[in-house]
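Engineer: Structure supplied as start_23.txt; contents: compact mmCIF, N, CA and C atoms.
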# COMPACT_ATOMS: atom_id res chain seq x y z
N GLN A 14 17.46 46.18 31.91
CA GLN A 14 17.90 44.89 31.40
C GLN A 14 16.68 43.98 31.27
N SER A 15 16.57 43.33 30.13
CA SER A 15 15.45 42.44 29.91
C SER A 15 15.76 41.06 30.46
N THR A 16 14.72 40.26 30.63
CA THR A 16 14.92 38.89 31.10
C THR A 16 15.00 37.96 29.90
N TRP A 17 15.42 36.74 30.16
CA TRP A 17 15.63 35.75 29.11
C TRP A 17 14.41 35.62 28.20
N GLY A 18 13.24 35.50 28.75
CA GLY A 18 12.04 35.27 27.96
C GLY A 18 11.56 36.48 27.19
N ASP A 19 11.98 37.68 27.56
CA ASP A 19 11.50 38.89 26.90
C ASP A 19 12.04 39.07 25.50
N ASN A 20 13.30 38.71 25.27
CA ASN A 20 13.95 39.04 24.00
C ASN A 20 14.37 37.85 23.16
N LEU A 21 14.15 36.64 23.58
CA LEU A 21 14.60 35.49 22.81
C LEU A 21 13.89 35.46 21.47
N MET A 22 14.57 34.97 20.45
CA MET A 22 14.00 35.00 19.11
C MET A 22 12.62 34.37 19.09
N SER A 23 11.64 35.16 18.67
CA SER A 23 10.27 34.71 18.71
C SER A 23 9.98 33.62 17.70
N ALA A 24 10.76 33.55 16.62
CA ALA A 24 10.52 32.53 15.60
C ALA A 24 10.89 31.14 16.10
N ALA A 25 11.88 31.05 16.99
CA ALA A 25 12.35 29.75 17.44
C ALA A 25 11.65 29.28 18.70
N VAL A 26 11.24 30.21 19.56
CA VAL A 26 10.61 29.85 20.82
C VAL A 26 9.21 30.48 20.84
N PRO A 27 8.18 29.66 21.03
CA PRO A 27 6.84 30.23 21.04
C PRO A 27 6.71 31.31 22.11
N ALA A 28 6.02 32.39 21.76
CA ALA A 28 5.82 33.48 22.71
C ALA A 28 4.97 32.98 23.87
N VAL A 29 5.33 33.37 25.07
CA VAL A 29 4.60 32.99 26.27
C VAL A 29 4.00 34.26 26.85
N PRO A 30 2.69 34.29 27.11
CA PRO A 30 2.07 35.51 27.64
C PRO A 30 2.75 35.98 28.92
N ASP A 31 2.91 37.30 29.04
CA ASP A 31 3.56 37.87 30.22
C ASP A 31 2.81 37.54 31.50
N ASP A 32 1.50 37.32 31.41
CA ASP A 32 0.71 37.04 32.62
C ASP A 32 0.85 35.60 33.09
N ASN A 33 1.65 34.82 32.42
CA ASN A 33 1.80 33.43 32.82
C ASN A 33 3.26 33.14 33.19
N GLN A 34 3.67 33.66 34.32
CA GLN A 34 5.06 33.51 34.77
C GLN A 34 5.44 32.05 34.98
N GLU A 35 4.50 31.24 35.37
CA GLU A 35 4.80 29.82 35.60
C GLU A 35 5.26 29.14 34.30
N LYS A 36 4.59 29.44 33.20
CA LYS A 36 5.00 28.86 31.91
C LYS A 36 6.36 29.39 31.47
N ARG A 37 6.61 30.66 31.70
CA ARG A 37 7.90 31.24 31.35
C ARG A 37 9.01 30.60 32.17
N ASP A 38 8.77 30.39 33.45
CA ASP A 38 9.76 29.76 34.31
C ASP A 38 10.04 28.32 33.86
N GLU A 39 8.99 27.60 33.48
CA GLU A 39 9.15 26.22 33.01
C GLU A 39 9.93 26.17 31.70
N LEU A 40 9.62 27.09 30.79
CA LEU A 40 10.36 27.15 29.53
C LEU A 40 11.84 27.44 29.79
N ARG A 41 12.13 28.33 30.69
CA ARG A 41 13.51 28.67 31.03
C ARG A 41 14.23 27.45 31.63
N ARG A 42 13.57 26.77 32.56
CA ARG A 42 14.16 25.58 33.19
C ARG A 42 14.42 24.51 32.14
N ALA A 43 13.45 24.27 31.27
CA ALA A 43 13.60 23.25 30.23
C ALA A 43 14.75 23.60 29.28
N ALA A 44 14.88 24.87 28.92
CA ALA A 44 15.95 25.30 28.02
C ALA A 44 17.31 25.11 28.67
N LEU A 45 17.43 25.46 29.94
CA LEU A 45 18.71 25.29 30.63
C LEU A 45 19.07 23.81 30.75
N GLU A 46 18.08 22.98 31.08
CA GLU A 46 18.32 21.54 31.17
C GLU A 46 18.72 20.97 29.80
N TYR A 47 18.04 21.40 28.75
CA TYR A 47 18.33 20.94 27.40
C TYR A 47 19.78 21.25 27.01
N HIS A 48 20.25 22.43 27.36
CA HIS A 48 21.61 22.84 27.01
C HIS A 48 22.68 22.19 27.89
N GLU A 49 22.31 21.72 29.08
CA GLU A 49 23.29 21.16 30.00
C GLU A 49 23.41 19.64 29.94
N PHE A 50 22.32 18.92 29.70
CA PHE A 50 22.33 17.47 29.83
C PHE A 50 22.01 16.78 28.51
N PRO A 51 22.48 15.59 28.21
CA PRO A 51 23.40 14.81 29.03
C PRO A 51 24.85 15.30 28.92
N THR A 52 25.13 16.10 27.90
CA THR A 52 26.45 16.69 27.71
C THR A 52 26.26 18.18 27.47
N PRO A 53 27.01 19.04 28.14
CA PRO A 53 26.83 20.49 27.92
C PRO A 53 27.04 20.88 26.46
N GLY A 54 26.21 21.80 25.98
CA GLY A 54 26.31 22.29 24.61
C GLY A 54 25.51 21.44 23.65
N LYS A 55 25.57 21.84 22.38
CA LYS A 55 24.79 21.15 21.35
C LYS A 55 25.65 20.55 20.25
N ILE A 56 26.95 20.76 20.28
CA ILE A 56 27.81 20.27 19.21
C ILE A 56 29.00 19.51 19.76
N ALA A 57 29.58 18.67 18.90
CA ALA A 57 30.79 17.93 19.25
C ALA A 57 31.55 17.63 17.96
N VAL A 58 32.84 17.47 18.07
CA VAL A 58 33.66 17.07 16.93
C VAL A 58 33.84 15.56 17.00
N THR A 59 33.54 14.89 15.90
CA THR A 59 33.66 13.44 15.82
C THR A 59 34.56 13.08 14.65
N ALA A 60 35.49 12.18 14.90
CA ALA A 60 36.39 11.75 13.83
C ALA A 60 35.63 11.00 12.75
N THR A 61 36.02 11.21 11.51
CA THR A 61 35.41 10.48 10.39
C THR A 61 36.20 9.23 10.02
N LYS A 62 37.34 9.06 10.64
CA LYS A 62 38.19 7.89 10.42
C LYS A 62 38.35 7.14 11.73
N GLN A 63 38.61 5.84 11.63
CA GLN A 63 38.86 5.08 12.85
C GLN A 63 40.18 5.51 13.47
N LEU A 64 40.24 5.53 14.75
CA LEU A 64 41.46 5.88 15.50
C LEU A 64 41.66 4.83 16.59
N THR A 65 41.87 3.59 16.14
CA THR A 65 41.88 2.48 17.09
C THR A 65 43.28 2.00 17.49
N ASN A 66 44.30 2.44 16.76
CA ASN A 66 45.64 1.95 17.09
C ASN A 66 46.69 3.00 16.69
N GLN A 67 47.94 2.66 16.94
CA GLN A 67 49.04 3.60 16.67
C GLN A 67 49.15 3.90 15.17
N ARG A 68 48.91 2.91 14.33
CA ARG A 68 48.98 3.14 12.88
C ARG A 68 47.96 4.17 12.44
N ASP A 69 46.71 4.03 12.93
CA ASP A 69 45.66 5.00 12.60
C ASP A 69 46.07 6.41 13.03
N LEU A 70 46.61 6.52 14.23
CA LEU A 70 47.04 7.83 14.72
C LEU A 70 48.18 8.38 13.87
N GLY A 71 49.08 7.53 13.43
CA GLY A 71 50.18 7.95 12.57
C GLY A 71 49.71 8.39 11.20
N LEU A 72 48.62 7.81 10.71
CA LEU A 72 48.05 8.25 9.44
C LEU A 72 47.28 9.57 9.61
N ALA A 73 46.59 9.69 10.74
CA ALA A 73 45.78 10.89 10.99
C ALA A 73 46.63 12.12 11.26
N TYR A 74 47.74 11.93 11.95
CA TYR A 74 48.59 13.06 12.28
C TYR A 74 49.99 12.83 11.71
N THR A 75 50.98 12.77 12.53
CA THR A 75 52.33 12.64 11.99
C THR A 75 52.83 11.21 12.11
N PRO A 76 53.42 10.66 11.12
CA PRO A 76 53.95 11.29 9.91
C PRO A 76 52.99 11.30 8.72
N GLY A 77 51.86 10.57 8.82
CA GLY A 77 50.99 10.37 7.66
C GLY A 77 50.35 11.62 7.11
N VAL A 78 50.12 12.61 7.96
CA VAL A 78 49.45 13.82 7.50
C VAL A 78 50.27 14.59 6.47
N ALA A 79 51.56 14.33 6.39
CA ALA A 79 52.41 15.03 5.42
C ALA A 79 51.99 14.74 3.98
N ALA A 80 51.54 13.52 3.69
CA ALA A 80 51.20 13.15 2.31
C ALA A 80 50.08 14.03 1.74
N PRO A 81 48.93 14.17 2.43
CA PRO A 81 47.91 15.06 1.86
C PRO A 81 48.36 16.52 1.83
N CYS A 82 49.17 16.94 2.79
CA CYS A 82 49.70 18.31 2.77
C CYS A 82 50.50 18.56 1.50
N GLU A 83 51.34 17.60 1.16
CA GLU A 83 52.18 17.73 -0.04
C GLU A 83 51.32 17.77 -1.31
N GLU A 84 50.27 16.97 -1.33
CA GLU A 84 49.37 16.98 -2.50
C GLU A 84 48.65 18.32 -2.63
N ILE A 85 48.28 18.91 -1.50
CA ILE A 85 47.59 20.20 -1.52
C ILE A 85 48.55 21.32 -1.95
N VAL A 86 49.83 21.21 -1.58
CA VAL A 86 50.82 22.18 -2.05
C VAL A 86 50.88 22.15 -3.57
N LYS A 87 50.87 20.94 -4.14
CA LYS A 87 50.94 20.79 -5.60
C LYS A 87 49.66 21.28 -6.28
N ASP A 88 48.51 21.01 -5.64
CA ASP A 88 47.22 21.37 -6.22
C ASP A 88 46.27 21.79 -5.10
N PRO A 89 46.07 23.08 -4.90
CA PRO A 89 45.19 23.54 -3.81
C PRO A 89 43.78 22.95 -3.85
N ASN A 90 43.29 22.59 -5.02
CA ASN A 90 41.96 21.96 -5.08
C ASN A 90 41.94 20.59 -4.43
N ALA A 91 43.10 19.99 -4.23
CA ALA A 91 43.17 18.69 -3.55
C ALA A 91 42.68 18.80 -2.10
N ALA A 92 42.61 20.01 -1.55
CA ALA A 92 42.08 20.19 -0.19
C ALA A 92 40.66 19.66 -0.09
N PHE A 93 39.90 19.77 -1.18
CA PHE A 93 38.53 19.25 -1.17
C PHE A 93 38.52 17.72 -1.17
N ARG A 94 39.56 17.11 -1.66
CA ARG A 94 39.65 15.65 -1.71
C ARG A 94 40.13 15.07 -0.39
N TYR A 95 41.06 15.75 0.27
CA TYR A 95 41.72 15.18 1.45
C TYR A 95 41.29 15.78 2.79
N THR A 96 40.47 16.82 2.76
CA THR A 96 40.04 17.45 4.02
C THR A 96 38.53 17.68 4.01
N SER A 97 38.03 18.19 5.09
CA SER A 97 36.60 18.49 5.19
C SER A 97 36.24 19.87 4.63
N ARG A 98 37.18 20.50 3.94
CA ARG A 98 36.98 21.86 3.43
C ARG A 98 35.68 22.04 2.65
N GLY A 99 35.26 21.08 1.90
CA GLY A 99 34.07 21.21 1.07
C GLY A 99 32.76 21.16 1.83
N ASN A 100 32.82 20.83 3.09
CA ASN A 100 31.57 20.70 3.87
C ASN A 100 31.71 21.31 5.26
N LEU A 101 32.52 22.36 5.38
CA LEU A 101 32.78 22.95 6.69
C LEU A 101 32.76 24.46 6.59
N VAL A 102 32.00 25.09 7.48
CA VAL A 102 31.96 26.54 7.55
C VAL A 102 32.19 26.98 8.98
N ALA A 103 32.49 28.25 9.16
CA ALA A 103 32.61 28.83 10.49
C ALA A 103 31.48 29.83 10.68
N VAL A 104 30.89 29.83 11.86
CA VAL A 104 29.97 30.90 12.25
C VAL A 104 30.70 31.68 13.33
N ILE A 105 30.81 32.98 13.14
CA ILE A 105 31.67 33.81 13.96
C ILE A 105 30.89 34.98 14.55
N THR A 106 31.15 35.28 15.82
CA THR A 106 30.53 36.45 16.45
C THR A 106 31.49 37.07 17.45
N ASN A 107 31.31 38.36 17.66
CA ASN A 107 31.98 39.02 18.78
C ASN A 107 30.96 39.33 19.88
N GLY A 108 29.75 38.89 19.68
CA GLY A 108 28.71 39.01 20.69
C GLY A 108 28.04 40.37 20.79
N THR A 109 28.23 41.23 19.79
CA THR A 109 27.66 42.58 19.90
C THR A 109 26.25 42.70 19.34
N ALA A 110 25.80 41.75 18.54
CA ALA A 110 24.46 41.81 17.95
C ALA A 110 23.88 40.41 17.88
N VAL A 111 23.41 39.90 18.99
CA VAL A 111 22.97 38.51 19.08
C VAL A 111 21.45 38.45 19.14
N LEU A 112 20.86 37.97 18.05
CA LEU A 112 19.40 37.83 17.95
C LEU A 112 18.72 39.05 18.55
N GLY A 113 17.73 38.82 19.40
CA GLY A 113 17.07 39.93 20.08
C GLY A 113 17.71 40.23 21.42
N LEU A 114 18.85 39.61 21.68
CA LEU A 114 19.50 39.78 22.98
C LEU A 114 20.46 40.96 23.01
N GLY A 115 20.87 41.44 21.84
CA GLY A 115 21.74 42.61 21.77
C GLY A 115 23.19 42.28 22.05
N ASN A 116 23.87 43.21 22.70
CA ASN A 116 25.30 43.10 23.00
C ASN A 116 25.50 42.33 24.30
N ILE A 117 25.59 41.01 24.17
CA ILE A 117 25.73 40.16 25.37
C ILE A 117 27.13 39.60 25.51
N GLY A 118 28.00 39.90 24.56
CA GLY A 118 29.37 39.42 24.62
C GLY A 118 29.54 38.07 23.97
N PRO A 119 30.78 37.74 23.61
CA PRO A 119 31.04 36.51 22.86
C PRO A 119 30.75 35.23 23.64
N LEU A 120 31.07 35.19 24.91
CA LEU A 120 30.85 33.96 25.67
C LEU A 120 29.36 33.67 25.81
N ALA A 121 28.58 34.68 26.13
CA ALA A 121 27.13 34.48 26.26
C ALA A 121 26.48 34.16 24.92
N ALA A 122 27.13 34.53 23.82
CA ALA A 122 26.59 34.25 22.48
C ALA A 122 26.84 32.81 22.04
N LYS A 123 27.70 32.08 22.74
CA LYS A 123 28.07 30.73 22.32
C LYS A 123 26.87 29.80 22.14
N PRO A 124 25.87 29.78 23.03
CA PRO A 124 24.73 28.89 22.79
C PRO A 124 24.00 29.21 21.48
N VAL A 125 23.93 30.48 21.12
CA VAL A 125 23.30 30.86 19.86
C VAL A 125 24.12 30.35 18.69
N MET A 126 25.43 30.49 18.77
CA MET A 126 26.29 30.04 17.68
C MET A 126 26.25 28.52 17.53
N GLU A 127 26.22 27.81 18.65
CA GLU A 127 26.06 26.36 18.59
C GLU A 127 24.72 26.02 17.95
N GLY A 128 23.69 26.79 18.28
CA GLY A 128 22.37 26.57 17.68
C GLY A 128 22.40 26.73 16.17
N LYS A 129 23.11 27.77 15.71
CA LYS A 129 23.25 27.95 14.26
C LYS A 129 23.96 26.74 13.66
N GLY A 130 24.96 26.24 14.36
CA GLY A 130 25.70 25.08 13.87
C GLY A 130 24.82 23.86 13.70
N VAL A 131 23.96 23.59 14.68
CA VAL A 131 23.11 22.41 14.57
C VAL A 131 22.05 22.59 13.48
N LEU A 132 21.63 23.83 13.23
CA LEU A 132 20.69 24.07 12.13
C LEU A 132 21.36 23.79 10.78
N PHE A 133 22.61 24.25 10.62
CA PHE A 133 23.35 23.95 9.39
C PHE A 133 23.45 22.44 9.19
N LYS A 134 23.77 21.72 10.26
CA LYS A 134 23.94 20.27 10.16
C LYS A 134 22.62 19.57 9.86
N LYS A 135 21.59 19.93 10.59
CA LYS A 135 20.28 19.27 10.45
C LYS A 135 19.66 19.51 9.09
N PHE A 136 19.68 20.76 8.62
CA PHE A 136 18.93 21.09 7.42
C PHE A 136 19.76 21.14 6.14
N ALA A 137 21.10 21.18 6.26
CA ALA A 137 21.92 21.24 5.05
C ALA A 137 23.04 20.22 5.05
N GLY A 138 23.23 19.50 6.15
CA GLY A 138 24.30 18.50 6.22
C GLY A 138 25.69 19.12 6.28
N ILE A 139 25.77 20.40 6.64
CA ILE A 139 27.05 21.11 6.66
C ILE A 139 27.61 21.14 8.08
N ASP A 140 28.89 20.82 8.20
CA ASP A 140 29.56 20.87 9.50
C ASP A 140 29.97 22.31 9.81
N VAL A 141 29.96 22.64 11.10
CA VAL A 141 30.22 24.02 11.53
C VAL A 141 31.18 24.05 12.71
N PHE A 142 32.10 25.00 12.67
CA PHE A 142 32.86 25.38 13.85
C PHE A 142 32.33 26.73 14.28
N ASP A 143 31.91 26.84 15.52
CA ASP A 143 31.49 28.16 16.02
C ASP A 143 32.70 28.83 16.67
N ILE A 144 32.84 30.11 16.38
CA ILE A 144 33.98 30.88 16.87
C ILE A 144 33.47 32.15 17.51
N GLU A 145 33.80 32.33 18.79
CA GLU A 145 33.41 33.52 19.53
C GLU A 145 34.68 34.31 19.84
N ILE A 146 34.73 35.55 19.37
CA ILE A 146 35.94 36.35 19.46
C ILE A 146 35.76 37.49 20.46
N ASN A 147 36.72 37.60 21.39
CA ASN A 147 36.72 38.76 22.31
C ASN A 147 37.28 39.96 21.61
Can you turn what I pasted into structure tokens?

Structural biologist:
Amino acid sequence: QSTWGDNLMSAAVPAVPDDNQEKRDELRRAALEYHEFPTPGKIAVTATKQLTNQRDLGLAYTPGVAAPCEEIVKDPNAAFRYTSRGNLVAVITNGTAVLGLGNIGPLAAKPVMEGKGVLFKKFAGIDVFDIEIN
């Protein structure tokens, strides 16, 4: 079994010489802290509409959500007008082939999938849902 620093994608993390364990340990500590604080993970879902009162909630969900649903039934292209469909993708893994880490399972792959999500957002402005499947 390899250690964290041995197989991590070399393009994203500068290679650290094997003879410098102190630097490898510091990089590992910094990466764990980065992923944990101030909020665990790298992504969050944020509403694009205000949700400040009961009326807003009624428009966002029921009964108001029925109106855009009905429009989409009439014209499926209306989904691009009334939903985030035009700017949302899913990144999906079962964890069997994760970067240079190999078969680490879906849960352990989640930080990588979140990382892909933030790259999509940062460099293309595209929103992402990461999905890890057992």

Engineer: Which neighbours of Arg94 (chain A) fall inside 10 Å, counting only C-alpha atoms, when residues of the same chain fewer than 6 positions from it are skipped, and could you give them as a compact mmCIF listing (two decimals) with N, CA and C atoms, in the coordinates of the input?

Structural biologist:
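Once written, result.txt looks like this:
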# COMPACT_ATOMS: atom_id res chain seq x y z
N PRO A 81 48.93 14.17 2.43
CA PRO A 81 47.91 15.06 1.86
C PRO A 81 48.36 16.52 1.83
N GLU A 84 50.27 16.97 -1.33
CA GLU A 84 49.37 16.98 -2.50
C GLU A 84 48.65 18.32 -2.63
N ILE A 85 48.28 18.91 -1.50
CA ILE A 85 47.59 20.20 -1.52
C ILE A 85 48.55 21.32 -1.95

Engineer: Would you compute the distance between CA of Ala110 (chain A) and atom N of Pro51 (chain A)? Give it in Å to one decimal.

Structural biologist: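 Atom N of Pro51 (chain A) lies at a distance of 28.2 Å from CA of Ala110 (chain A).
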
Engineer: Go ahead and compute the interatomic distance for CA of Asp140 (chain A) and CA of Ala57 (chain A), in Å to one decimal.

Structural biologist: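 Result for CA of Asp140 (chain A) versus CA of Ala57 (chain A): 10.3 Å, one decimal.
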
Engineer: As a count of residues only, please: the residues near Ile144 (chain A) (cut-off 7 Å, only C-alpha atoms, same-chain neighbours under 3 positions excluded).

Structural biologist: 4

Engineer: Please give the complete set of residues from chain A that DSSP, run on the backbone, assigns to alpha helix (DSSP H), formatted as a VMD selection string.

Structural biologist: chain A and resid 17 to 20 34 to 49 67 to 73 79 to 87 92 to 95 119 to 137

Engineer: Could you tell me how far CA of Pro53 (chain A) sits from CA of Glu145 (chain A), in Å to one decimal place?

Structural biologist: 16.8 Å

Engineer: Considering only C-alpha atoms, can you say which of A:Gly99, A:Pro89, A:Asn33, A:Pro124 comes closest to Leu45 (chain A)?

Structural biologist: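 Of all the options, A:Pro124 lies closest to Leu45 (chain A).
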
Engineer: With only N, CA and C atoms as the counted atoms, please give the residues lying no more than 7 Å from Met126 (chain A), apart from itself and same-chain residues fewer than 3 positions off, as a list in words.

Structural biologist: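 Counting only the stated atoms, we get Val104, Ala122, Lys123, Lys129, Gly130, Val131, Asp143 and Ile144 of chain A.
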
Engineer: Counting only C-alpha atoms, what is within 12 Å of Ala60 (chain A), bar same-chain residues fewer than 3 positions away, as an MDAnalysis selection string?

Structural biologist: chainID A and resid 57 63:65 69:70 73 96:97

Engineer: Produce the centre coordinates and the three edge lengths, each in Å to one decimal, of the box along x, y and z that contains all listed atoms of region 124-129 of chain A with 8 Å added on each side, as lines of an AutoDock Vina configuration file.

Structural biologist:
center_x = 24.3
center_y = 28.4
center_z = 18.3
size_x = 19.9
size_y = 20.8
size_z = 25.4
